[in-house]
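Asker: Quick one, final26.tsv (TSV, C-alpha atoms):
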chain	number	residue	atom	x	y	z
J	1	MET	CA	-45.90	161.66	78.90
J	2	SER	CA	-45.95	165.40	78.64
J	3	ASP	CA	-42.35	166.34	77.95
J	4	THR	CA	-41.00	167.44	74.58
J	5	ARG	CA	-38.66	164.58	73.74
J	6	ILE	CA	-38.32	163.71	70.07
J	7	LEU	CA	-40.53	160.67	69.48
J	8	SER	CA	-40.39	160.83	65.70
J	9	HIS	CA	-37.57	161.54	63.32
J	10	GLN	CA	-36.71	161.33	59.66
J	11	GLU	CA	-33.66	161.92	57.51
J	12	SER	CA	-32.99	161.63	53.79
J	13	VAL	CA	-30.19	160.86	51.38
J	14	ILE	CA	-29.98	161.14	47.58
J	15	VAL	CA	-29.09	157.82	45.94
J	16	GLU	CA	-28.18	157.47	42.28
J	17	ALA	CA	-30.74	154.74	41.62
J	18	SER	CA	-34.38	154.48	40.64
J	19	ALA	CA	-37.15	154.45	43.22
J	20	ALA	CA	-38.23	151.00	42.02
J	21	PHE	CA	-34.71	149.60	42.44
J	22	LEU	CA	-34.41	151.08	45.93
J	23	TYR	CA	-37.86	149.85	46.93
J	24	ASP	CA	-36.96	146.33	45.79
J	25	LEU	CA	-33.70	146.50	47.75
J	26	LEU	CA	-35.19	147.85	50.99
J	27	SER	CA	-38.38	145.79	50.98
J	28	ASP	CA	-36.23	142.65	50.91
J	29	ILE	CA	-36.10	142.53	54.69
J	30	THR	CA	-33.78	139.50	54.56
J	31	ARG	CA	-31.02	141.98	53.58
J	32	THR	CA	-31.62	144.41	56.47
J	33	GLY	CA	-28.48	143.27	58.30
J	34	GLU	CA	-26.41	144.68	55.43
J	35	TRP	CA	-27.33	148.29	56.26
J	36	SER	CA	-28.73	148.41	59.77
J	37	PRO	CA	-26.34	149.12	62.66
J	38	VAL	CA	-28.73	147.34	65.09
J	39	CYS	CA	-30.84	144.80	63.18
J	40	ALA	CA	-28.49	141.93	62.34
J	41	SER	CA	-31.02	139.81	60.43
J	42	CYS	CA	-34.69	139.50	59.47
J	43	TRP	CA	-36.85	136.73	58.06
J	44	TRP	CA	-40.45	136.46	56.92
J	45	ASP	CA	-42.74	134.61	59.30
J	46	ASP	CA	-44.64	133.30	56.24
J	47	GLU	CA	-42.66	133.38	52.97
J	48	ALA	CA	-45.89	133.22	50.95
J	49	GLU	CA	-46.86	136.67	52.31
J	50	ALA	CA	-43.40	138.26	51.95
J	51	GLY	CA	-43.49	141.97	51.21
J	52	ARG	CA	-47.26	142.39	51.31
J	53	VAL	CA	-49.27	144.65	53.59
J	54	GLY	CA	-50.24	142.53	56.58
J	55	ALA	CA	-47.17	140.27	56.33
J	56	TRP	CA	-45.20	139.71	59.52
J	57	PHE	CA	-41.45	139.31	59.90
J	58	THR	CA	-39.04	138.75	62.76
J	59	GLY	CA	-35.89	140.78	63.29
J	60	ARG	CA	-32.89	139.92	65.44
J	61	ASN	CA	-31.33	143.04	66.93
J	62	GLN	CA	-27.88	143.19	68.49
J	63	LEU	CA	-26.10	145.74	70.62
J	64	PRO	CA	-22.94	145.13	72.64
J	65	HIS	CA	-24.95	144.67	75.85
J	66	ARG	CA	-27.98	142.76	74.58
J	67	THR	CA	-29.63	140.78	71.78
J	68	TRP	CA	-33.40	140.62	71.23
J	69	GLU	CA	-35.99	139.75	68.62
J	70	THR	CA	-39.03	141.72	67.51
J	71	ARG	CA	-41.98	140.89	65.28
J	72	SER	CA	-43.16	143.53	62.83
J	73	GLU	CA	-46.10	143.92	60.48
J	74	VAL	CA	-45.82	145.49	57.03
J	75	VAL	CA	-48.26	148.43	56.94
J	76	THR	CA	-47.33	150.06	53.61
J	77	ALA	CA	-45.99	148.35	50.49
J	78	GLU	CA	-46.20	150.65	47.45
J	79	ARG	CA	-43.40	149.80	45.02
J	80	GLY	CA	-41.32	152.85	44.22
J	81	ARG	CA	-43.14	155.01	46.80
J	82	GLU	CA	-43.02	153.63	50.35
J	83	PHE	CA	-42.28	150.54	52.42
J	84	ALA	CA	-43.12	150.67	56.14
J	85	TRP	CA	-43.70	148.38	59.09
J	86	VAL	CA	-44.80	148.61	62.71
J	87	VAL	CA	-42.88	146.80	65.44
J	88	GLY	CA	-45.12	144.74	67.67
J	89	GLY	CA	-48.11	145.69	65.55
J	90	SER	CA	-48.51	149.10	67.22
J	91	PHE	CA	-45.34	150.15	69.07
J	92	VAL	CA	-42.88	151.81	66.67
J	93	ARG	CA	-43.32	152.62	62.97
J	94	TRP	CA	-40.29	152.48	60.69
J	95	GLY	CA	-40.35	153.20	56.98
J	96	PHE	CA	-38.63	154.23	53.80
J	97	SER	CA	-40.18	156.58	51.26
J	98	PHE	CA	-38.87	157.36	47.79
J	99	ASP	CA	-39.11	160.64	45.84
J	100	ALA	CA	-37.56	161.73	42.57
J	101	ALA	CA	-34.44	163.88	42.87
J	102	GLU	CA	-32.33	165.58	40.23
J	103	THR	CA	-29.64	162.88	40.34
J	104	GLY	CA	-31.63	159.82	41.37
J	105	THR	CA	-33.98	159.22	44.28
J	106	ARG	CA	-34.39	160.82	47.68
J	107	VAL	CA	-34.69	158.00	50.22
J	108	THR	CA	-36.24	159.11	53.51
J	109	GLU	CA	-36.09	156.88	56.55
J	110	SER	CA	-38.69	157.65	59.19
J	111	TRP	CA	-39.15	156.50	62.77
J	112	ASP	CA	-42.15	157.12	65.03
J	113	PHE	CA	-42.47	155.92	68.63
J	114	LEU	CA	-46.24	155.37	68.78
J	115	PRO	CA	-48.55	155.89	71.79
J	116	ASP	CA	-49.01	152.12	72.27
J	117	GLY	CA	-45.24	151.74	72.38
J	118	ILE	CA	-44.89	154.43	75.02
J	119	ALA	CA	-47.67	152.84	77.07
J	120	MET	CA	-46.00	149.42	76.75
J	121	PHE	CA	-42.68	150.87	77.94
J	122	GLU	CA	-44.39	152.57	80.89
J	123	GLU	CA	-46.05	149.29	81.87
J	124	LYS	CA	-42.94	147.15	81.32
J	125	PHE	CA	-40.31	149.47	82.81
J	126	GLY	CA	-42.27	151.53	85.35
J	127	GLU	CA	-40.13	154.31	86.78
J	128	ASP	CA	-37.34	153.43	84.33
J	129	ALA	CA	-39.62	153.95	81.28
J	130	HIS	CA	-38.39	157.48	80.60
J	131	ALA	CA	-34.74	156.33	80.55
J	132	GLN	CA	-35.59	153.34	78.35
J	133	ILE	CA	-37.56	155.49	75.89
J	134	THR	CA	-34.74	158.05	75.82
J	135	ASP	CA	-32.25	155.26	75.10
J	136	ARG	CA	-34.34	153.81	72.24
J	137	THR	CA	-34.87	157.30	70.82
J	138	GLN	CA	-31.14	157.99	70.85
J	139	GLN	CA	-30.48	154.65	69.14
J	140	ALA	CA	-32.84	155.69	66.33
J	141	LEU	CA	-31.30	159.16	66.03
J	142	ASP	CA	-27.81	157.65	65.87
J	143	GLY	CA	-28.76	154.76	63.61
J	144	ILE	CA	-30.77	156.46	60.87
J	145	PRO	CA	-27.84	158.39	59.30
J	146	LYS	CA	-25.66	155.26	59.47
J	147	THR	CA	-28.40	153.21	57.82
J	148	LEU	CA	-28.90	155.75	55.04
J	149	ALA	CA	-25.15	155.99	54.37
J	150	ALA	CA	-24.93	152.20	54.10
J	151	ILE	CA	-27.97	152.04	51.79
J	152	LYS	CA	-26.43	154.66	49.51
J	153	ARG	CA	-23.11	152.79	49.42
J	154	ILE	CA	-24.71	149.39	48.76
J	155	ALA	CA	-27.08	150.69	46.07
J	156	GLU	CA	-24.45	152.71	44.24
J	157	VAL	CA	-21.88	149.88	44.36
J	158	THR	CA	-24.55	147.59	42.92
J	159	ILE	CA	-25.10	150.09	40.11
J	160	GLY	CA	-21.37	150.25	39.51
J	161	SER	CA	-21.30	146.48	39.14
J	162	GLY	CA	-23.63	146.69	36.17
J	163	GLU	CA	-27.22	146.38	37.42
J	164	GLN	CA	-29.67	148.71	35.70
J	165	ALA	CA	-30.61	150.58	38.86
J	166	LEU	CA	-31.66	153.81	37.14
J	167	ALA	CA	-33.93	152.13	34.62
Let's see the structure in the file written out as structure tokens.

Answerer:
Amino acid sequence: MSDTRILSHQESVIVEASAAFLYDLLSDITRTGEWSPVCASCWWDDEAEAGRVGAWFTGRNQLPHRTWETRSEVVTAERGREFAWVVGGSFVRWGFSFDAAETGTRVTESWDFLPDGIAMFEEKFGEDAHAQITDRTQQALDGIPKTLAAIKRIAEVTIGSGEQALA
């Protein structure tokens, strides 16, 4: 496709917690439903591989008009630095990166609609592919700030309850 639609996006939030604490929180994909406005739940396809590069997990996504499941592969797992996965193995890359900030950690959520994903949408949806891609892109643009706000709230409430999140 040759238009100029946004097919990647990232936003950040400062969280008063350590990068290691935030990595441990966000790489526990079984908790994703706590902060995601779309992904209601996730589970590891093989618990023995949980959290490692190459591990696969399944996510159940819910919107008012539909529910669907996706399988994703962990592509980056560097504690305290980055946790990322690719939906369908090559369609959409999601991730969280962690950088030191004056009052804690900058958490950046990123989203990239990859060429294989665009090709899959074109094949699956034909003439409706553009509308479908636009819809998925808007969901990501709307969801990322909500996700980051929820992560900040959950992490900082956890800190307030006594966990050593800045250690």

Asker: How many Å lie between atom CA of J:Glu78 and atom CA of J:Pro145, rounded to one decimal?

Answerer: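 If I compute the distance from atom CA of J:Glu78 to atom CA of J:Pro145, I get 23.2 Å.
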
Asker: Could you please determine the separation between atom CA of J:Gly54 and atom CA of J:Val86 in Å, to one decimal place?

Answerer: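 A separation of 10.2 Å between them.
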
Asker: Got a sec: who's within 6 Å of J:Trp43, counting all atoms listed in the file, leaving out chain neighbours fewer than 5 positions off, as a ChimeraX atom specification?

Answerer: /J:30,57-58

Asker: Nearest to J:Ala50 among J:Thr76, J:Ser110, J:Ala20, J:Ile29, with distances taken over all atoms listed in the file: which residue is it?

Answerer: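 Closest candidate: J:Ile29.
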
Asker: Under the rule that all atoms listed in the file are counted, which of J:Gly89, J:Pro115, J:Gly143, J:Gly126 is the nearest residue to J:His9?

Answerer: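 Among the listed residues, the smallest separation from J:His9 belongs to J:Gly143.
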
Asker: Report the distance between atom CA of J:Phe21 and atom CA of J:Ile151 in Å, rounded to one decimal place.

Answerer: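 Distance reported for this atom pair: 11.8 Å.
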
Asker: When distances are computed from all atoms listed in the file, which of J:Arg136, J:Arg60, J:His65, J:Arg81 shows the smallest separation from J:Cys42?

Answerer: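 Comparing J:Arg136, J:Arg60, J:His65, J:Arg81 against J:Cys42, the winner is J:Arg60.
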
Asker: When you count all atoms listed in the file, which of these residues is closest to J:Arg106: J:Leu141, J:Ala17, J:Leu25, J:Val53?

Answerer: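 Counting all atoms listed in the file, the residue closest to J:Arg106 is J:Ala17.
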
Asker: Have a look at J:Glu49, J:Glu16, J:Asp128, J:Asp28 and name the one nearest to J:Arg79; count only C-alpha atoms.

Answerer: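 Looking only at the distances to J:Arg79, the closest residue turns out to be J:Asp28.
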
Asker: Choose the residue, out of J:Tyr23, J:Trp94, J:Trp35, J:Trp56, that has the smallest atom-to-atom separation from J:Arg153; count all atoms listed in the file.

Answerer: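 Of J:Tyr23, J:Trp94, J:Trp35, J:Trp56, the one nearest J:Arg153, counting all atoms listed in the file, is J:Trp35.
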
Asker: From (-36.6, 158.7, 73.8), in the file's coordinates, out to 12 Å: which residues are reached, counting all atoms listed in the file? Answer as a ChimeraX atom specification.

Answerer: /J:1,3-9,92,111-114,117-118,121,128-142
